[in-house]
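Undergrad: File follows, query14.tsv with TSV, C-alpha atoms:
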chain	number	residue	atom	x	y	z
V	1	MET	CA	145.05	43.70	22.26
V	2	ALA	CA	142.91	45.32	24.94
V	3	LEU	CA	145.13	43.83	27.61
V	4	ALA	CA	148.24	45.24	25.94
V	5	LEU	CA	146.67	48.69	25.64
V	6	GLY	CA	145.50	48.64	29.25
V	7	THR	CA	148.95	47.62	30.45
V	8	ALA	CA	150.58	50.33	28.37
V	9	ALA	CA	148.17	52.90	29.81
V	10	LEU	CA	148.95	51.82	33.35
V	11	VAL	CA	152.69	52.01	32.70
V	12	LEU	CA	152.24	55.46	31.15
V	13	LEU	CA	150.23	56.66	34.14
V	14	ALA	CA	152.86	55.34	36.54
V	15	LEU	CA	155.62	57.07	34.60
V	16	LEU	CA	153.71	60.35	34.43
V	17	SER	CA	152.95	60.28	38.16
V	18	GLU	CA	156.63	59.63	38.89
V	19	LEU	CA	157.59	62.58	36.70
V	20	ALA	CA	154.95	64.88	38.20
V	21	ARG	CA	155.52	63.92	41.84
V	22	PRO	CA	158.45	66.31	42.55
V	23	ARG	CA	156.55	69.20	40.98
V	24	LEU	CA	153.44	68.32	42.94
V	25	ILE	CA	155.39	68.17	46.19
V	26	ALA	CA	157.09	71.50	45.43
V	27	ALA	CA	153.74	73.13	44.63
V	28	LEU	CA	152.23	71.87	47.88
V	29	GLU	CA	155.25	73.15	49.82
V	30	ARG	CA	154.96	76.58	48.17
V	31	ARG	CA	151.28	76.71	49.04
V	32	ARG	CA	152.02	75.80	52.66
V	33	LEU	CA	154.72	78.50	52.87
V	34	ARG	CA	152.42	81.13	51.33
V	35	SER	CA	149.72	80.26	53.80
V	36	ALA	CA	152.15	80.47	56.73
V	37	GLU	CA	153.45	83.85	55.45
V	38	ARG	CA	149.90	85.20	55.13
V	39	GLU	CA	149.14	84.12	58.68
V	40	ARG	CA	152.37	85.64	60.02
V	41	THR	CA	151.76	88.96	58.23
V	42	ALA	CA	148.18	89.06	59.46
V	43	ASN	CA	149.37	88.50	63.03
V	44	GLU	CA	151.99	91.24	62.71
V	45	LEU	CA	149.62	93.76	61.19
V	46	ALA	CA	146.71	93.01	63.47
V	47	TYR	CA	145.89	95.80	65.88
V	48	ASP	CA	147.44	94.89	69.20
V	49	PRO	CA	146.15	97.13	72.01
V	50	GLY	CA	148.95	96.03	74.34
V	51	ARG	CA	151.63	96.93	71.81
V	52	GLU	CA	149.99	100.31	71.11
V	53	LEU	CA	149.70	101.03	74.83
V	54	ARG	CA	153.37	100.23	75.41
V	55	ALA	CA	154.30	102.42	72.44
V	56	GLU	CA	152.20	105.28	73.83
V	57	GLN	CA	153.82	104.93	77.27
V	58	ARG	CA	157.27	105.17	75.69
V	59	ALA	CA	156.16	108.15	73.64
V	60	ARG	CA	154.81	109.92	76.74
V	61	ALA	CA	158.10	109.40	78.54
V	62	LEU	CA	159.99	110.87	75.58
V	63	LEU	CA	157.63	113.84	75.37
V	64	GLN	CA	157.99	114.47	79.10
V	65	SER	CA	161.78	114.43	78.80
V	66	CYS	CA	161.74	117.04	76.02
V	67	VAL	CA	159.19	119.71	76.99
V	68	ASN	CA	159.00	122.07	79.96
V	69	GLY	CA	157.51	120.76	83.19
V	70	ASP	CA	154.48	123.05	82.86
V	71	ASP	CA	153.90	121.96	79.27
V	72	TRP	CA	154.08	118.32	80.26
V	73	ALA	CA	151.59	118.91	83.07
V	74	MET	CA	149.30	120.69	80.60
V	75	TYR	CA	149.37	117.74	78.20
V	76	ARG	CA	148.95	115.21	80.99
V	77	ASP	CA	145.98	117.06	82.52
V	78	LEU	CA	144.27	118.52	79.45
V	79	GLY	CA	145.35	116.36	76.51
V	80	PHE	CA	146.86	119.13	74.40
V	81	LEU	CA	149.85	121.46	74.34
V	82	ARG	CA	149.97	125.21	73.84
V	83	VAL	CA	152.90	126.69	71.96
V	84	TRP	CA	153.36	130.44	71.74
V	85	GLY	CA	153.69	131.92	68.27
V	86	ASN	CA	157.17	133.12	67.57
V	87	VAL	CA	157.25	134.66	64.13
V	88	ARG	CA	155.95	138.22	64.20
V	89	ASP	CA	157.81	139.36	67.28
V	90	GLY	CA	161.21	138.40	65.96
V	91	GLY	CA	161.36	135.13	67.83
V	92	GLN	CA	161.78	136.71	71.25
V	93	GLY	CA	158.36	136.68	72.75
V	94	HIS	CA	156.30	134.09	74.45
V	95	SER	CA	153.87	133.74	77.31
V	96	ALA	CA	151.18	136.36	77.79
V	97	GLY	CA	152.74	138.92	75.43
V	98	ALA	CA	152.74	136.70	72.35
V	99	PRO	CA	150.39	137.90	69.62
V	100	TYR	CA	149.14	134.39	68.86
V	101	ALA	CA	149.52	130.80	69.97
V	102	TYR	CA	148.86	127.26	68.83
V	103	LEU	CA	147.08	124.32	70.36
V	104	ILE	CA	148.63	120.97	69.50
V	105	TYR	CA	146.33	117.96	69.61
V	106	PRO	CA	147.41	114.39	68.85
V	107	HIS	CA	146.59	113.42	65.27
V	108	ARG	CA	144.44	116.48	64.73
V	109	PRO	CA	145.18	119.82	63.12
V	110	ILE	CA	147.19	122.48	64.93
V	111	VAL	CA	144.86	125.34	65.86
V	112	ALA	CA	146.13	128.93	65.83
V	113	TYR	CA	144.33	131.46	68.04
V	114	LEU	CA	144.67	134.85	69.70
V	115	PRO	CA	145.33	134.43	73.43
V	116	GLN	CA	144.08	137.94	74.25
V	117	THR	CA	140.62	137.42	72.77
V	118	GLY	CA	140.33	133.66	72.30
V	119	ALA	CA	139.54	134.19	68.61
V	120	LEU	CA	140.39	131.19	66.45
V	121	LEU	CA	142.57	131.97	63.43
V	122	ASN	CA	143.28	128.84	61.40
V	123	GLU	CA	143.63	125.10	61.40
V	124	TYR	CA	146.94	123.72	60.12
V	125	CYS	CA	146.56	120.14	58.98
V	126	VAL	CA	149.88	118.36	59.21
V	127	ALA	CA	150.87	114.74	59.67
V	128	PHE	CA	154.08	112.80	60.16
V	129	PRO	CA	153.40	109.57	58.30
V	130	ASP	CA	156.02	106.84	58.63
V	131	HIS	CA	155.83	105.11	55.27
V	132	SER	CA	157.81	102.13	56.50
V	133	LYS	CA	154.57	101.10	58.32
V	134	PRO	CA	156.25	98.60	60.64
V	135	TYR	CA	152.89	97.33	61.91
V	136	GLY	CA	150.79	98.21	58.91
V	137	SER	CA	150.02	101.78	59.96
V	138	PRO	CA	151.97	104.99	59.27
V	139	ARG	CA	150.59	106.65	62.44
V	140	LEU	CA	152.97	107.51	65.25
V	141	PRO	CA	151.77	107.04	68.82
V	142	ASP	CA	149.71	110.03	70.02
V	143	SER	CA	152.41	111.56	72.18
V	144	ASP	CA	155.05	111.11	69.46
V	145	ASP	CA	152.77	113.01	67.07
V	146	VAL	CA	152.46	115.82	69.64
V	147	LEU	CA	156.22	115.83	70.20
V	148	ALA	CA	156.92	115.91	66.46
V	149	LYS	CA	154.60	118.92	66.08
V	150	TRP	CA	156.12	120.61	69.13
V	151	MET	CA	159.69	120.09	67.88
V	152	ALA	CA	158.87	121.26	64.38
V	153	LEU	CA	156.98	124.33	65.67
V	154	THR	CA	159.59	125.42	68.19
V	155	ALA	CA	162.46	124.75	65.78
V	156	ASP	CA	161.10	126.12	62.52
V	157	GLU	CA	157.59	127.46	62.80
V	158	ARG	CA	157.55	128.95	59.29
V	159	ARG	CA	158.59	125.69	57.68
V	160	LEU	CA	156.00	123.60	59.48
V	161	ILE	CA	153.23	126.08	58.75
V	162	SER	CA	154.21	126.23	55.08
V	163	ASP	CA	154.19	122.41	54.88
V	164	ALA	CA	150.73	122.22	56.47
V	165	ASN	CA	147.41	122.62	54.72
V	166	MET	CA	145.72	125.69	56.10
V	167	HIS	CA	141.98	125.86	56.64
V	168	LEU	CA	139.54	128.10	58.40
V	169	PRO	CA	138.62	127.03	61.95
V	170	GLY	CA	136.01	124.32	62.13
V	171	ARG	CA	137.07	122.14	59.24
V	172	GLN	CA	138.21	119.23	61.40
V	173	ILE	CA	137.89	120.41	64.98
V	174	ASP	CA	134.64	121.82	66.28
V	175	PRO	CA	135.32	125.47	67.25
V	176	GLU	CA	133.15	124.99	70.34
V	177	THR	CA	135.47	122.19	71.47
V	178	VAL	CA	138.48	124.48	71.04
V	179	ARG	CA	136.76	127.30	72.95
V	180	ARG	CA	135.96	124.88	75.76
V	181	ASP	CA	139.59	123.74	75.74
V	182	LEU	CA	140.75	127.36	76.00
V	183	LEU	CA	138.46	127.85	79.02
V	184	ARG	CA	139.78	124.63	80.58
V	185	LEU	CA	143.32	125.87	79.95
V	186	ALA	CA	142.62	129.25	81.59
V	187	ARG	CA	141.07	127.54	84.62
V	188	TRP	CA	143.94	125.07	84.83
V	189	GLU	CA	146.50	127.91	84.78
V	190	ARG	CA	144.62	129.83	87.48
V	191	GLU	CA	144.55	126.76	89.69
V	192	ARG	CA	148.25	126.06	89.21
V	193	LEU	CA	149.09	129.69	89.96
V	194	ALA	CA	146.96	129.62	93.09
V	195	HIS	CA	148.60	126.39	94.16
V	196	ARG	CA	152.06	127.92	93.69
V	197	VAL	CA	151.10	131.01	95.67
V	198	ASP	CA	149.81	128.78	98.48
V	199	SER	CA	153.02	126.77	98.43
V	200	VAL	CA	155.16	129.92	98.66
V	201	ARG	CA	153.05	131.26	101.53
V	202	ALA	CA	153.26	127.95	103.35
V	203	ALA	CA	157.04	127.96	102.94
U	204	MET	CA	175.16	110.91	72.00
U	205	LYS	CA	172.07	108.83	71.27
U	206	PHE	CA	170.10	108.66	68.05
U	207	LEU	CA	166.43	107.90	68.66
U	208	ARG	CA	163.73	107.35	66.07
U	209	MET	CA	159.98	107.55	66.53
U	210	LYS	CA	158.24	104.50	65.15
U	211	PRO	CA	154.57	103.56	64.79
U	212	GLY	CA	153.51	100.83	67.18
U	213	HIS	CA	156.76	101.11	69.07
U	214	GLY	CA	157.52	104.55	70.47
U	215	GLU	CA	161.13	105.53	70.07
U	216	ILE	CA	163.87	103.08	69.22
U	217	LEU	CA	167.58	103.51	69.79
U	218	LEU	CA	169.31	103.67	66.41
U	219	ALA	CA	172.87	104.37	67.46
U	220	GLU	CA	174.87	105.53	70.42
U	221	GLY	CA	178.41	106.79	70.54
U	222	ASP	CA	180.92	109.31	71.75
U	223	VAL	CA	181.63	112.04	69.19
U	224	ALA	CA	185.10	112.46	70.68
U	225	ILE	CA	186.05	108.96	69.48
U	226	PRO	CA	186.60	109.11	65.69
U	227	GLU	CA	185.39	105.58	64.97
U	228	GLN	CA	182.16	106.09	66.91
U	229	GLU	CA	181.69	109.51	65.35
U	230	ARG	CA	181.94	107.94	61.89
U	231	GLU	CA	179.27	105.42	62.82
U	232	LEU	CA	177.04	108.22	64.08
U	233	ILE	CA	177.55	110.18	60.86
U	234	GLU	CA	176.61	107.13	58.78
U	235	ALA	CA	173.51	106.49	60.88
U	236	PHE	CA	172.58	110.17	60.57
U	237	ARG	CA	172.88	110.06	56.77
U	238	ARG	CA	170.87	106.85	56.56
U	239	GLU	CA	167.97	108.40	58.43
U	240	LEU	CA	167.99	111.61	56.40
U	241	ASP	CA	168.17	109.57	53.19
U	242	ALA	CA	165.14	107.64	54.43
U	243	GLY	CA	163.23	110.92	54.58
U	244	MET	CA	163.44	111.62	58.30
U	245	TRP	CA	163.77	114.97	60.00
U	246	ALA	CA	166.28	115.28	62.81
U	247	ALA	CA	165.74	117.42	65.89
U	248	VAL	CA	167.88	118.15	68.91
U	249	PRO	CA	166.04	119.04	72.12
U	250	THR	CA	167.66	122.15	73.58
U	251	GLU	CA	167.23	124.57	76.43
U	252	ALA	CA	167.02	128.26	75.56
U	253	ARG	CA	167.99	131.15	77.79
U	254	GLY	CA	165.72	131.30	80.79
U	255	GLY	CA	165.43	127.51	80.88
U	256	ARG	CA	162.71	127.33	78.25
U	257	ARG	CA	162.90	124.08	76.33
U	258	GLU	CA	162.63	123.95	72.57
U	259	ALA	CA	164.07	122.01	69.67
U	260	GLU	CA	166.46	122.65	66.83
U	261	LEU	CA	166.05	120.99	63.44
U	262	VAL	CA	169.40	119.89	62.01
U	263	ARG	CA	170.07	119.07	58.37
U	264	SER	CA	173.54	117.62	58.71
U	265	PHE	CA	175.61	115.99	61.41
U	266	ALA	CA	177.84	119.07	61.48
U	267	GLU	CA	174.86	121.09	62.75
U	268	VAL	CA	174.37	118.82	65.75
U	269	PRO	CA	175.81	120.51	68.86
U	270	ARG	CA	178.81	118.49	70.05
U	271	ASP	CA	177.39	118.28	73.55
U	272	ALA	CA	173.91	117.16	72.47
U	273	GLU	CA	172.72	114.11	74.35
U	274	ARG	CA	170.02	113.08	71.90
U	275	VAL	CA	169.04	113.49	68.31
U	276	ILE	CA	165.44	112.52	67.61
U	277	PHE	CA	164.49	111.39	64.11
U	278	PHE	CA	160.88	111.55	63.01
U	279	PRO	CA	159.03	111.36	59.69
U	280	ARG	CA	158.97	114.60	57.76
U	281	ALA	CA	155.84	116.70	57.89
U	282	ALA	CA	153.24	116.34	55.20
U	283	GLY	CA	150.08	118.35	54.73
U	284	GLY	CA	147.15	116.57	56.34
U	285	ALA	CA	143.64	116.97	55.00
U	286	PRO	CA	143.80	118.23	51.41
U	287	ARG	CA	142.99	121.80	50.50
U	288	THR	CA	139.50	122.34	49.26
U	289	VAL	CA	138.66	124.60	46.38
U	290	GLN	CA	136.49	127.40	47.70
Could you rewrite the structure in this file as structure tokens?
TA:
Amino acid sequence: MALALGTAALVLLALLSELARPRLIAALERRRLRSAERERTANELAYDPGRELRAEQRARALLQSCVNGDDWAMYRDLGFLRVWGNVRDGGQGHSAGAPYAYLIYPHRPIVAYLPQTGALLNEYCVAFPDHSKPYGSPRLPDSDDVLAKWMALTADERRLISDANMHLPGRQIDPETVRRDLLRLARWERERLAHRVDSVRAA
Amino acid sequence: MKFLRMKPGHGEILLAEGDVAIPEQERELIEAFRRELDAGMWAAVPTEARGGRREAELVRSFAEVPRDAERVIFFPRAAGGAPRTVQ
């Protein structure tokens, strides 16, 4: 009796294992695929300094091809761009006669100020998030962010400013840093002017 | 005419390229333009104003793109950054 029961149990186990084997194999395969997918995604989303550097180099080239030579030199030398305000004077004025101007920093608020006095007016917090997040982050390269702000400001200043969140100066950027940047900008412009005068005299 | 799109981790990528004078290529450009706007992008055309000053023009449809434009740059639409605080 015991022998018969034991044999029946063995046969039952063998049958069950035969039935379960395809499912077991499929489950193991699914687990292997999930693990490979997790590893692939992690590799894609991992911060890659080389990739980011190449992206930034491409972005710098695009920025350089779009803005004026002086503006490009300003960004290259100082790390920010100045854009003259264009609203109150009917869109005609710029340079020294403009009533106000903006400083564009990469991935930081746009700062409005008065060129004549250096007084800071407002910070405009605006971002250009790419929700497709191709490498896990919505952030554009630094120079693309600057170019996006520059294009939006020069094309439709009112729209960009209305889309931004406005704050008093100092919320995200230290006002002292901005004042130092304005002094650096003034010195940089004097030096470039002097260099041009020297070049003309030499010619 | 080239359609470029800014992309995180990549810089700009070439989306489409064609001659607007050739109807078939123009159709492809129009379709690519619509796709990007439907995806929530803004489109800008770098231009040169009188006096040589460079600026950009935001365009909302392909018809607004100057026929002689060399590039249209697509970039994600602006969103307010840090939230407003209640004073």
Undergrad: Please determine, counting only C-alpha atoms, which residue among U:Met209, U:Met204, U:Ala252, U:Leu240 has the shortest atom-to-atom distance to U:Ala224.
TA: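 For U:Ala224, the nearest of the given residues is U:Met204.
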Undergrad: Residues of chain U within 8 Å of chain V, using only C-alpha atoms, as a JSON list (two decimals) with C-alpha atoms, keeping the file's coordinate frame?
TA:
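As written to disk, selection-v7.json reads:
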[["chain", "number", "residue", "atom", "x", "y", "z"],
["U", 209, "MET", "CA", 159.98, 107.55, 66.53],
["U", 210, "LYS", "CA", 158.24, 104.50, 65.15],
["U", 211, "PRO", "CA", 154.57, 103.56, 64.79],
["U", 212, "GLY", "CA", 153.51, 100.83, 67.18],
["U", 213, "HIS", "CA", 156.76, 101.11, 69.07],
["U", 214, "GLY", "CA", 157.52, 104.55, 70.47],
["U", 215, "GLU", "CA", 161.13, 105.53, 70.07],
["U", 247, "ALA", "CA", 165.74, 117.42, 65.89],
["U", 249, "PRO", "CA", 166.04, 119.04, 72.12],
["U", 256, "ARG", "CA", 162.71, 127.33, 78.25],
["U", 257, "ARG", "CA", 162.90, 124.08, 76.33],
["U", 258, "GLU", "CA", 162.63, 123.95, 72.57],
["U", 259, "ALA", "CA", 164.07, 122.01, 69.67],
["U", 260, "GLU", "CA", 166.46, 122.65, 66.83],
["U", 261, "LEU", "CA", 166.05, 120.99, 63.44],
["U", 278, "PHE", "CA", 160.88, 111.55, 63.01],
["U", 279, "PRO", "CA", 159.03, 111.36, 59.69],
["U", 280, "ARG", "CA", 158.97, 114.60, 57.76],
["U", 281, "ALA", "CA", 155.84, 116.70, 57.89],
["U", 282, "ALA", "CA", 153.24, 116.34, 55.20],
["U", 283, "GLY", "CA", 150.08, 118.35, 54.73],
["U", 284, "GLY", "CA", 147.15, 116.57, 56.34],
["U", 285, "ALA", "CA", 143.64, 116.97, 55.00],
["U", 286, "PRO", "CA", 143.80, 118.23, 51.41],
["U", 287, "ARG", "CA", 142.99, 121.80, 50.50]]
Undergrad: Atom CA of U:Gln228 and atom CA of U:Met244, how far apart in Å?
TA: 21.3 Å
Undergrad: Measuring atom to atom with all atoms listed in the file, identify which of U:Ala219, U:Leu207, U:Pro269, U:Thr250 is nearest to U:Ile233.
TA: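 Among U:Ala219, U:Leu207, U:Pro269, U:Thr250, it is U:Ala219 that comes nearest to U:Ile233.
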Undergrad: To one decimal in Å, tell me the separation between atom CA of V:Leu182 and atom CA of V:Asn122.
TA: 14.9 Å
Undergrad: Which is closer to U:Trp245 than all the others in U:Leu232, U:Leu217, U:Val275, U:Val223, using only C-alpha atoms?
TA: U:Val275
Undergrad: So the first atom is atom CA of U:Arg237 and the second is atom CA of V:Ile104; what is the distance between them in Å, to one decimal place?
TA: 29.5 Å
Undergrad: May I have the protein, DNA and RNA residues with an atom at most 6 Å from (149.8, 124.3, 70.2), counting only C-alpha atoms in the file's coordinates, returned as a ChimeraX atom specification?
TA: /V:81-83,102-104
Undergrad: When distances are computed from all atoms listed in the file, which of U:Phe206, U:Arg253, U:Val248, U:Glu231 shows the smallest separation from U:Ala272?
TA: U:Val248
Undergrad: If we count all atoms listed in the file and set the cut-off at 12 Å, which residues sit around V:Thr117, ignoring sequence neighbours fewer than 4 positions away in its own chain? Please answer as a VMD selection string.
TA: chain V and resid 96 99 to 101 113 121 179 182 to 183
Undergrad: Considering all atoms listed in the file, return as a list in words whatever protein or nucleic-acid residues lie within 12 Å of V:Ala186, sequence-local ones (same chain, fewer than 6 positions apart) excluded.
TA: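 Once the nearby chain positions are removed, what remains is Met74, Leu78, Arg82, Ala96, Pro115, Gln116, Gly118, Arg179, Arg180, Arg192 and Leu193 of chain V.
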